[in-house]
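Structure below is my_file.pdb: PDB, C-alpha atoms.
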ATOM      1  CA  MET O   1      31.817-130.161-154.009  1.00  0.00           C
ATOM      2  CA  GLY O   2      34.499-132.771-153.273  1.00  0.00           C
ATOM      3  CA  LEU O   3      37.082-132.974-150.557  1.00  0.00           C
ATOM      4  CA  ILE O   4      38.376-129.726-149.053  1.00  0.00           C
ATOM      5  CA  ALA O   5      41.676-129.429-147.203  1.00  0.00           C
ATOM      6  CA  VAL O   6      41.914-126.754-144.532  1.00  0.00           C
ATOM      7  CA  ASP O   7      45.173-124.959-143.829  1.00  0.00           C
ATOM      8  CA  SER O   8      46.471-124.338-140.328  1.00  0.00           C
ATOM      9  CA  SER O   9      45.928-120.595-140.845  1.00  0.00           C
ATOM     10  CA  VAL O  10      42.160-121.183-140.802  1.00  0.00           C
ATOM     11  CA  TRP O  11      42.172-123.722-137.963  1.00  0.00           C
ATOM     12  CA  ILE O  12      44.259-121.410-135.783  1.00  0.00           C
ATOM     13  CA  ASP O  13      41.968-118.446-136.508  1.00  0.00           C
ATOM     14  CA  LEU O  14      38.955-120.619-135.648  1.00  0.00           C
ATOM     15  CA  MET O  15      40.478-121.884-132.398  1.00  0.00           C
ATOM     16  CA  THR O  16      41.512-118.418-131.266  1.00  0.00           C
ATOM     17  CA  GLY O  17      38.061-116.988-131.965  1.00  0.00           C
ATOM     18  CA  ARG O  18      39.021-114.738-134.882  1.00  0.00           C
ATOM     19  CA  ILE O  19      36.074-113.944-137.101  1.00  0.00           C
ATOM     20  CA  THR O  20      37.077-114.024-140.762  1.00  0.00           C
ATOM     21  CA  THR O  21      35.457-114.993-144.031  1.00  0.00           C
ATOM     22  CA  GLN O  22      37.378-118.261-143.867  1.00  0.00           C
ATOM     23  CA  THR O  23      36.327-119.099-140.293  1.00  0.00           C
ATOM     24  CA  SER O  24      32.706-118.435-141.259  1.00  0.00           C
ATOM     25  CA  ALA O  25      33.192-120.783-144.213  1.00  0.00           C
ATOM     26  CA  ILE O  26      34.738-123.533-142.064  1.00  0.00           C
ATOM     27  CA  LYS O  27      31.897-123.270-139.552  1.00  0.00           C
ATOM     28  CA  ALA O  28      29.367-123.666-142.369  1.00  0.00           C
ATOM     29  CA  LEU O  29      31.263-126.640-143.784  1.00  0.00           C
ATOM     30  CA  LEU O  30      31.445-128.274-140.349  1.00  0.00           C
ATOM     31  CA  ASP O  31      27.722-127.661-139.752  1.00  0.00           C
ATOM     32  CA  ALA O  32      26.958-129.298-143.103  1.00  0.00           C
ATOM     33  CA  ASP O  33      29.122-132.327-142.235  1.00  0.00           C
ATOM     34  CA  HIS O  34      31.184-131.696-145.360  1.00  0.00           C
ATOM     35  CA  ARG O  35      34.157-133.992-146.022  1.00  0.00           C
ATOM     36  CA  LEU O  36      37.232-132.121-144.831  1.00  0.00           C
ATOM     37  CA  ALA O  37      40.833-133.254-144.989  1.00  0.00           C
ATOM     38  CA  ILE O  38      43.457-132.709-142.330  1.00  0.00           C
ATOM     39  CA  ALA O  39      46.923-132.798-143.824  1.00  0.00           C
ATOM     40  CA  ASP O  40      49.623-134.346-141.682  1.00  0.00           C
ATOM     41  CA  LEU O  41      51.745-131.177-141.805  1.00  0.00           C
ATOM     42  CA  VAL O  42      48.731-129.029-140.892  1.00  0.00           C
ATOM     43  CA  LEU O  43      47.964-131.320-137.957  1.00  0.00           C
ATOM     44  CA  THR O  44      51.550-130.874-136.781  1.00  0.00           C
ATOM     45  CA  GLU O  45      51.382-127.078-137.097  1.00  0.00           C
ATOM     46  CA  VAL O  46      48.113-126.866-135.177  1.00  0.00           C
ATOM     47  CA  LEU O  47      48.989-129.344-132.422  1.00  0.00           C
ATOM     48  CA  GLN O  48      52.412-127.841-131.771  1.00  0.00           C
ATOM     49  CA  GLY O  49      50.617-124.662-130.725  1.00  0.00           C
ATOM     50  CA  ALA O  50      48.776-126.447-127.907  1.00  0.00           C
ATOM     51  CA  ARG O  51      49.882-124.978-124.598  1.00  0.00           C
ATOM     52  CA  HIS O  52      48.714-127.849-122.389  1.00  0.00           C
ATOM     53  CA  ASP O  53      48.372-131.629-122.645  1.00  0.00           C
ATOM     54  CA  ARG O  54      44.618-131.270-122.330  1.00  0.00           C
ATOM     55  CA  SER O  55      44.274-128.967-125.355  1.00  0.00           C
ATOM     56  CA  PHE O  56      46.673-131.209-127.296  1.00  0.00           C
ATOM     57  CA  ASP O  57      44.483-134.242-126.533  1.00  0.00           C
ATOM     58  CA  GLU O  58      41.310-132.295-127.398  1.00  0.00           C
ATOM     59  CA  GLY O  59      42.869-131.390-130.735  1.00  0.00           C
ATOM     60  CA  LEU O  60      43.721-135.019-131.427  1.00  0.00           C
ATOM     61  CA  ARG O  61      40.125-136.064-130.740  1.00  0.00           C
ATOM     62  CA  PHE O  62      38.684-133.205-132.834  1.00  0.00           C
ATOM     63  CA  PHE O  63      40.829-133.902-135.899  1.00  0.00           C
ATOM     64  CA  ALA O  64      40.361-137.686-135.716  1.00  0.00           C
ATOM     65  CA  ASP O  65      37.086-137.396-137.650  1.00  0.00           C
ATOM     66  CA  PHE O  66      38.625-135.696-140.695  1.00  0.00           C
ATOM     67  CA  VAL O  67      40.011-137.413-143.779  1.00  0.00           C
ATOM     68  CA  PRO O  68      43.771-137.850-143.234  1.00  0.00           C
ATOM     69  CA  LEU O  69      45.924-136.441-146.017  1.00  0.00           C
ATOM     70  CA  THR O  70      49.582-137.373-146.317  1.00  0.00           C
ATOM     71  CA  VAL O  71      51.335-134.430-147.931  1.00  0.00           C
ATOM     72  CA  VAL O  72      54.852-135.491-148.836  1.00  0.00           C
ATOM     73  CA  ASP O  73      56.042-138.332-150.992  1.00  0.00           C
ATOM     74  CA  ARG O  74      58.654-138.352-153.749  1.00  0.00           C
ATOM     75  CA  GLU O  75      56.272-137.005-156.412  1.00  0.00           C
ATOM     76  CA  VAL O  76      55.133-134.112-154.209  1.00  0.00           C
ATOM     77  CA  ALA O  77      58.707-133.295-153.187  1.00  0.00           C
ATOM     78  CA  ILE O  78      59.803-133.028-156.819  1.00  0.00           C
ATOM     79  CA  GLU O  79      56.731-131.114-157.974  1.00  0.00           C
ATOM     80  CA  ALA O  80      56.927-128.743-154.988  1.00  0.00           C
ATOM     81  CA  ALA O  81      60.493-127.869-155.928  1.00  0.00           C
ATOM     82  CA  ARG O  82      59.341-127.319-159.519  1.00  0.00           C
ATOM     83  CA  HIS O  83      56.464-125.113-158.338  1.00  0.00           C
ATOM     84  CA  TYR O  84      58.778-123.095-156.099  1.00  0.00           C
ATOM     85  CA  ARG O  85      61.165-122.518-159.021  1.00  0.00           C
ATOM     86  CA  LEU O  86      58.342-121.551-161.393  1.00  0.00           C
ATOM     87  CA  LEU O  87      57.052-118.969-158.941  1.00  0.00           C
ATOM     88  CA  ARG O  88      60.560-117.694-158.215  1.00  0.00           C
ATOM     89  CA  ASP O  89      61.099-117.231-161.973  1.00  0.00           C
ATOM     90  CA  ARG O  90      58.008-114.991-161.898  1.00  0.00           C
ATOM     91  CA  GLY O  91      59.488-112.926-159.085  1.00  0.00           C
ATOM     92  CA  ILE O  92      57.429-114.572-156.346  1.00  0.00           C
ATOM     93  CA  THR O  93      59.181-116.063-153.313  1.00  0.00           C
ATOM     94  CA  VAL O  94      57.110-118.395-151.166  1.00  0.00           C
ATOM     95  CA  ARG O  95      58.139-117.922-147.548  1.00  0.00           C
ATOM     96  CA  LYS O  96      57.499-121.441-146.220  1.00  0.00           C
ATOM     97  CA  THR O  97      58.378-124.794-147.728  1.00  0.00           C
ATOM     98  CA  ILE O  98      55.422-126.360-145.891  1.00  0.00           C
ATOM     99  CA  ASP O  99      53.021-124.107-147.818  1.00  0.00           C
ATOM    100  CA  THR O 100      54.624-125.168-151.103  1.00  0.00           C
ATOM    101  CA  LEU O 101      54.228-128.831-150.157  1.00  0.00           C
ATOM    102  CA  ILE O 102      50.591-128.448-149.067  1.00  0.00           C
ATOM    103  CA  ALA O 103      49.673-126.468-152.179  1.00  0.00           C
ATOM    104  CA  THR O 104      51.388-129.003-154.415  1.00  0.00           C
ATOM    105  CA  ARG O 105      49.597-131.980-152.812  1.00  0.00           C
ATOM    106  CA  CYS O 106      46.272-130.195-153.316  1.00  0.00           C
ATOM    107  CA  ILE O 107      47.116-129.335-156.939  1.00  0.00           C
ATOM    108  CA  LEU O 108      48.158-132.893-157.775  1.00  0.00           C
ATOM    109  CA  ASP O 109      45.100-134.450-156.113  1.00  0.00           C
ATOM    110  CA  ARG O 110      42.692-131.708-157.257  1.00  0.00           C
ATOM    111  CA  ILE O 111      41.694-130.935-153.670  1.00  0.00           C
ATOM    112  CA  ALA O 112      40.424-127.434-152.929  1.00  0.00           C
ATOM    113  CA  LEU O 113      42.213-125.629-150.106  1.00  0.00           C
ATOM    114  CA  LEU O 114      40.600-123.336-147.550  1.00  0.00           C
ATOM    115  CA  TYR O 115      43.269-120.917-146.388  1.00  0.00           C
ATOM    116  CA  SER O 116      43.823-117.394-145.127  1.00  0.00           C
ATOM    117  CA  ASP O 117      47.597-117.326-145.606  1.00  0.00           C
ATOM    118  CA  ARG O 118      48.363-115.096-148.619  1.00  0.00           C
ATOM    119  CA  ASP O 119      51.333-117.317-149.541  1.00  0.00           C
ATOM    120  CA  PHE O 120      48.849-119.648-151.250  1.00  0.00           C
ATOM    121  CA  ASP O 121      47.541-116.941-153.611  1.00  0.00           C
ATOM    122  CA  PRO O 122      50.321-117.384-156.221  1.00  0.00           C
ATOM    123  CA  PHE O 123      49.553-121.103-156.356  1.00  0.00           C
ATOM    124  CA  VAL O 124      45.955-120.225-157.212  1.00  0.00           C
ATOM    125  CA  GLN O 125      46.911-117.495-159.688  1.00  0.00           C
ATOM    126  CA  HIS O 126      49.698-119.337-161.511  1.00  0.00           C
ATOM    127  CA  LEU O 127      49.645-123.065-160.783  1.00  0.00           C
ATOM    128  CA  GLY O 128      46.032-124.202-160.638  1.00  0.00           C
ATOM    129  CA  LEU O 129      45.442-124.550-156.898  1.00  0.00           C
ATOM    130  CA  ARG O 130      41.703-124.417-156.253  1.00  0.00           C
ATOM    131  CA  SER O 131      40.705-122.046-153.483  1.00  0.00           C
ATOM    132  CA  ALA O 132      37.764-123.393-151.485  1.00  0.00           C
ATOM    133  CA  MET O 133      36.492-119.802-151.234  1.00  0.00           C
ATOM    134  CA  ASP O 134      35.844-119.934-155.001  1.00  0.00           C
ATOM    135  CA  LEU O 135      33.636-123.032-154.759  1.00  0.00           C
ATOM    136  CA  PRO O 136      29.877-122.589-155.025  1.00  0.00           C
ATOM    137  CA  GLY O 137      28.146-122.619-151.662  1.00  0.00           C
ATOM    138  CA  VAL O 138      31.262-122.019-149.559  1.00  0.00           C
ATOM    139  CA  THR O 139      30.937-118.276-149.009  1.00  0.00           C
TER
END
Can the structure from this file be put into structure tokens for me?
Amino acid sequence: MGLIAVDSSVWIDLMTGRITTQTSAIKALLDADHRLAIADLVLTEVLQGARHDRSFDEGLRFFADFVPLTVVDREVAIEAARHYRLLRDRGITVRKTIDTLIATRCILDRIALLYSDRDFDPFVQHLGLRSAMDLPGVT
């Protein structure tokens, strides 16, 4: 199945106890000891939501076992801008630059992304992002 990156939208839903298709999928992937990536920007988004030092430290320990994924370098920055412009030309405006960067890293490295944030849908529909929900055995 390959490496799967997980967006902060799924991690936050999981940590707050929301039951969604994506949180069920992440639980199954964790139970199966599947190789999951934690992108640096996703780690930042999740950890900045920690309300106490203790939960921050617990998050650090939890995510330490995942494959680290550096999102931004020069190539990603340029391609993300290109992707943003291509989508904008189709009448689609992505709301967050971070989502464009994460999607672009996953597209370039052919890493499937598990997400619940609808801002990633145009990247799947128009730019070749692989949704982890479309992989066999994930749902």
Please determine, counting all atoms listed in the file, which residue among O:Ile26, O:Asp117, O:Ala81, O:Asp99 has the shortest atom-to-atom distance to Leu14 in chain O.
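Smallest distance to Leu14 in chain O is found for O:Ile26.
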Residues near Leu135 in chain O, anyone? I mean within 12 Å using only C-alpha atoms, not counting same-chain ones fewer than 5 positions away, as a ChimeraX atom specification.
/O:1-4,25,29,111-114,130
Residues within 12 Å of Pro68 in chain O, please, as a PyMOL selection string. Count all atoms listed in the file; anything in the same chain fewer than 5 positions from it doesn't count.
chain O and resi 3-6+35-43+63
Hey, what comes out of the PyMOL selection byres ((chain O and resi 45-52) around 10) on this file? Could you write it as an MDAnalysis selection string?
chainID O and resid 7:12 15 39:44 53:60 63 98
If you apply the PyMOL selection byres ((chain O and resi 103-106) around 8) to this file, what residues do you get, as a PDB file with C-alpha atoms, in the frame of the given file?
ATOM      1  CA  ALA O   5      41.676-129.429-147.203  1.00  0.00           C
ATOM      2  CA  VAL O  71      51.335-134.430-147.931  1.00  0.00           C
ATOM      3  CA  VAL O  72      54.852-135.491-148.836  1.00  0.00           C
ATOM      4  CA  VAL O  76      55.133-134.112-154.209  1.00  0.00           C
ATOM      5  CA  GLU O  79      56.731-131.114-157.974  1.00  0.00           C
ATOM      6  CA  ALA O  80      56.927-128.743-154.988  1.00  0.00           C
ATOM      7  CA  HIS O  83      56.464-125.113-158.338  1.00  0.00           C
ATOM      8  CA  ASP O  99      53.021-124.107-147.818  1.00  0.00           C
ATOM      9  CA  THR O 100      54.624-125.168-151.103  1.00  0.00           C
ATOM     10  CA  LEU O 101      54.228-128.831-150.157  1.00  0.00           C
ATOM     11  CA  ILE O 102      50.591-128.448-149.067  1.00  0.00           C
ATOM     12  CA  ILE O 107      47.116-129.335-156.939  1.00  0.00           C
ATOM     13  CA  LEU O 108      48.158-132.893-157.775  1.00  0.00           C
ATOM     14  CA  ASP O 109      45.100-134.450-156.113  1.00  0.00           C
ATOM     15  CA  ARG O 110      42.692-131.708-157.257  1.00  0.00           C
ATOM     16  CA  ILE O 111      41.694-130.935-153.670  1.00  0.00           C
ATOM     17  CA  ALA O 112      40.424-127.434-152.929  1.00  0.00           C
ATOM     18  CA  LEU O 113      42.213-125.629-150.106  1.00  0.00           C
ATOM     19  CA  PHE O 120      48.849-119.648-151.250  1.00  0.00           C
ATOM     20  CA  PHE O 123      49.553-121.103-156.356  1.00  0.00           C
ATOM     21  CA  LEU O 129      45.442-124.550-156.898  1.00  0.00           C
ATOM     22  CA  ARG O 130      41.703-124.417-156.253  1.00  0.00           C
TER      23      ARG O 130
END
Rounded to one decimal, what separation in Å do you get between CA of Ala28 in chain O and CA of Val138 in chain O?
7.6 Å
CA of Arg118 in chain O to CA of Thr93 in chain O, distance in Å rounded to a single decimal:
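For CA of Arg118 in chain O relative to CA of Thr93 in chain O, the distance reads 11.8 Å.
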Out of O:Asp119, O:Asp134, O:Asp33, O:Asp65, which residue has the shortest atom-to-atom distance to Arg95 in chain O when counting all atoms listed in the file?
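Using all atoms listed in the file, the shortest distance to Arg95 in chain O belongs to O:Asp119.
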Work out how far apart CA of Asp89 in chain O and CA of Tyr115 in chain O are and give it in Å to one decimal.
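Answer for the CA of Asp89 in chain O to CA of Tyr115 in chain O separation: 24.0 Å.
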Could you rebuild range 77-99 of chain O with N, CA, C and O atoms and give it back as a PDB file, keeping the file's coordinate frame?
ATOM      1  N   ALA O  77      57.441-133.984-153.440  1.00  0.00           N
ATOM      2  CA  ALA O  77      58.707-133.295-153.187  1.00  0.00           C
ATOM      3  C   ALA O  77      59.282-132.710-154.475  1.00  0.00           C
ATOM      4  O   ALA O  77      59.704-131.541-154.509  1.00  0.00           O
ATOM      5  N   ILE O  78      59.256-133.492-155.535  1.00  0.00           N
ATOM      6  CA  ILE O  78      59.803-133.028-156.819  1.00  0.00           C
ATOM      7  C   ILE O  78      58.935-131.920-157.406  1.00  0.00           C
ATOM      8  O   ILE O  78      59.442-130.877-157.846  1.00  0.00           O
ATOM      9  N   GLU O  79      57.624-132.127-157.404  1.00  0.00           N
ATOM     10  CA  GLU O  79      56.731-131.114-157.974  1.00  0.00           C
ATOM     11  C   GLU O  79      56.736-129.828-157.156  1.00  0.00           C
ATOM     12  O   GLU O  79      56.630-128.729-157.705  1.00  0.00           O
ATOM     13  N   ALA O  80      56.864-129.939-155.837  1.00  0.00           N
ATOM     14  CA  ALA O  80      56.927-128.743-154.988  1.00  0.00           C
ATOM     15  C   ALA O  80      58.168-127.917-155.324  1.00  0.00           C
ATOM     16  O   ALA O  80      58.099-126.682-155.402  1.00  0.00           O
ATOM     17  N   ALA O  81      59.278-128.587-155.532  1.00  0.00           N
ATOM     18  CA  ALA O  81      60.493-127.869-155.928  1.00  0.00           C
ATOM     19  C   ALA O  81      60.290-127.195-157.286  1.00  0.00           C
ATOM     20  O   ALA O  81      60.688-126.037-157.487  1.00  0.00           O
ATOM     21  N   ARG O  82      59.634-127.895-158.191  1.00  0.00           N
ATOM     22  CA  ARG O  82      59.341-127.319-159.519  1.00  0.00           C
ATOM     23  C   ARG O  82      58.415-126.099-159.371  1.00  0.00           C
ATOM     24  O   ARG O  82      58.644-125.060-159.981  1.00  0.00           O
ATOM     25  N   HIS O  83      57.385-126.236-158.547  1.00  0.00           N
ATOM     26  CA  HIS O  83      56.464-125.113-158.338  1.00  0.00           C
ATOM     27  C   HIS O  83      57.180-123.916-157.728  1.00  0.00           C
ATOM     28  O   HIS O  83      56.962-122.770-158.146  1.00  0.00           O
ATOM     29  N   TYR O  84      58.014-124.172-156.733  1.00  0.00           N
ATOM     30  CA  TYR O  84      58.778-123.095-156.099  1.00  0.00           C
ATOM     31  C   TYR O  84      59.623-122.363-157.145  1.00  0.00           C
ATOM     32  O   TYR O  84      59.643-121.131-157.198  1.00  0.00           O
ATOM     33  N   ARG O  85      60.302-123.112-158.001  1.00  0.00           N
ATOM     34  CA  ARG O  85      61.165-122.518-159.021  1.00  0.00           C
ATOM     35  C   ARG O  85      60.351-121.732-160.047  1.00  0.00           C
ATOM     36  O   ARG O  85      60.761-120.643-160.466  1.00  0.00           O
ATOM     37  N   LEU O  86      59.194-122.265-160.434  1.00  0.00           N
ATOM     38  CA  LEU O  86      58.342-121.551-161.393  1.00  0.00           C
ATOM     39  C   LEU O  86      57.877-120.212-160.824  1.00  0.00           C
ATOM     40  O   LEU O  86      57.875-119.192-161.525  1.00  0.00           O
ATOM     41  N   LEU O  87      57.483-120.218-159.566  1.00  0.00           N
ATOM     42  CA  LEU O  87      57.052-118.969-158.941  1.00  0.00           C
ATOM     43  C   LEU O  87      58.228-118.009-158.769  1.00  0.00           C
ATOM     44  O   LEU O  87      58.100-116.806-159.013  1.00  0.00           O
ATOM     45  N   ARG O  88      59.372-118.540-158.371  1.00  0.00           N
ATOM     46  CA  ARG O  88      60.560-117.694-158.215  1.00  0.00           C
ATOM     47  C   ARG O  88      60.937-117.040-159.546  1.00  0.00           C
ATOM     48  O   ARG O  88      61.301-115.864-159.587  1.00  0.00           O
ATOM     49  N   ASP O  89      60.812-117.792-160.643  1.00  0.00           N
ATOM     50  CA  ASP O  89      61.099-117.231-161.973  1.00  0.00           C
ATOM     51  C   ASP O  89      60.143-116.094-162.324  1.00  0.00           C
ATOM     52  O   ASP O  89      60.467-115.250-163.163  1.00  0.00           O
ATOM     53  N   ARG O  90      58.982-116.075-161.687  1.00  0.00           N
ATOM     54  CA  ARG O  90      58.008-114.991-161.898  1.00  0.00           C
ATOM     55  C   ARG O  90      58.171-113.878-160.875  1.00  0.00           C
ATOM     56  O   ARG O  90      57.323-112.992-160.774  1.00  0.00           O
ATOM     57  N   GLY O  91      59.217-113.961-160.073  1.00  0.00           N
ATOM     58  CA  GLY O  91      59.488-112.926-159.085  1.00  0.00           C
ATOM     59  C   GLY O  91      58.746-113.097-157.779  1.00  0.00           C
ATOM     60  O   GLY O  91      58.666-112.181-156.971  1.00  0.00           O
ATOM     61  N   ILE O  92      58.203-114.292-157.556  1.00  0.00           N
ATOM     62  CA  ILE O  92      57.429-114.572-156.346  1.00  0.00           C
ATOM     63  C   ILE O  92      58.223-115.545-155.476  1.00  0.00           C
ATOM     64  O   ILE O  92      58.592-116.633-155.934  1.00  0.00           O
ATOM     65  N   THR O  93      58.483-115.174-154.234  1.00  0.00           N
ATOM     66  CA  THR O  93      59.181-116.063-153.313  1.00  0.00           C
ATOM     67  C   THR O  93      58.209-116.517-152.241  1.00  0.00           C
ATOM     68  O   THR O  93      57.674-115.705-151.492  1.00  0.00           O
ATOM     69  N   VAL O  94      57.963-117.813-152.198  1.00  0.00           N
ATOM     70  CA  VAL O  94      57.110-118.395-151.166  1.00  0.00           C
ATOM     71  C   VAL O  94      57.943-118.483-149.894  1.00  0.00           C
ATOM     72  O   VAL O  94      59.068-118.969-149.916  1.00  0.00           O
ATOM     73  N   ARG O  95      57.375-118.028-148.790  1.00  0.00           N
ATOM     74  CA  ARG O  95      58.139-117.922-147.548  1.00  0.00           C
ATOM     75  C   ARG O  95      58.339-119.242-146.830  1.00  0.00           C
ATOM     76  O   ARG O  95      59.306-119.404-146.103  1.00  0.00           O
ATOM     77  N   LYS O  96      57.404-120.203-146.996  1.00  0.00           N
ATOM     78  CA  LYS O  96      57.499-121.441-146.220  1.00  0.00           C
ATOM     79  C   LYS O  96      57.418-122.664-147.131  1.00  0.00           C
ATOM     80  O   LYS O  96      56.490-122.788-147.938  1.00  0.00           O
ATOM     81  N   THR O  97      58.370-123.554-146.963  1.00  0.00           N
ATOM     82  CA  THR O  97      58.378-124.794-147.728  1.00  0.00           C
ATOM     83  C   THR O  97      57.110-125.604-147.457  1.00  0.00           C
ATOM     84  O   THR O  97      56.558-126.225-148.375  1.00  0.00           O
ATOM     85  N   ILE O  98      56.637-125.597-146.221  1.00  0.00           N
ATOM     86  CA  ILE O  98      55.422-126.360-145.891  1.00  0.00           C
ATOM     87  C   ILE O  98      54.248-125.902-146.752  1.00  0.00           C
ATOM     88  O   ILE O  98      53.473-126.731-147.248  1.00  0.00           O
ATOM     89  N   ASP O  99      54.118-124.599-146.973  1.00  0.00           N
ATOM     90  CA  ASP O  99      53.021-124.107-147.818  1.00  0.00           C
ATOM     91  C   ASP O  99      53.160-124.611-149.253  1.00  0.00           C
ATOM     92  O   ASP O  99      52.170-124.963-149.902  1.00  0.00           O
TER      93      ASP O  99
END
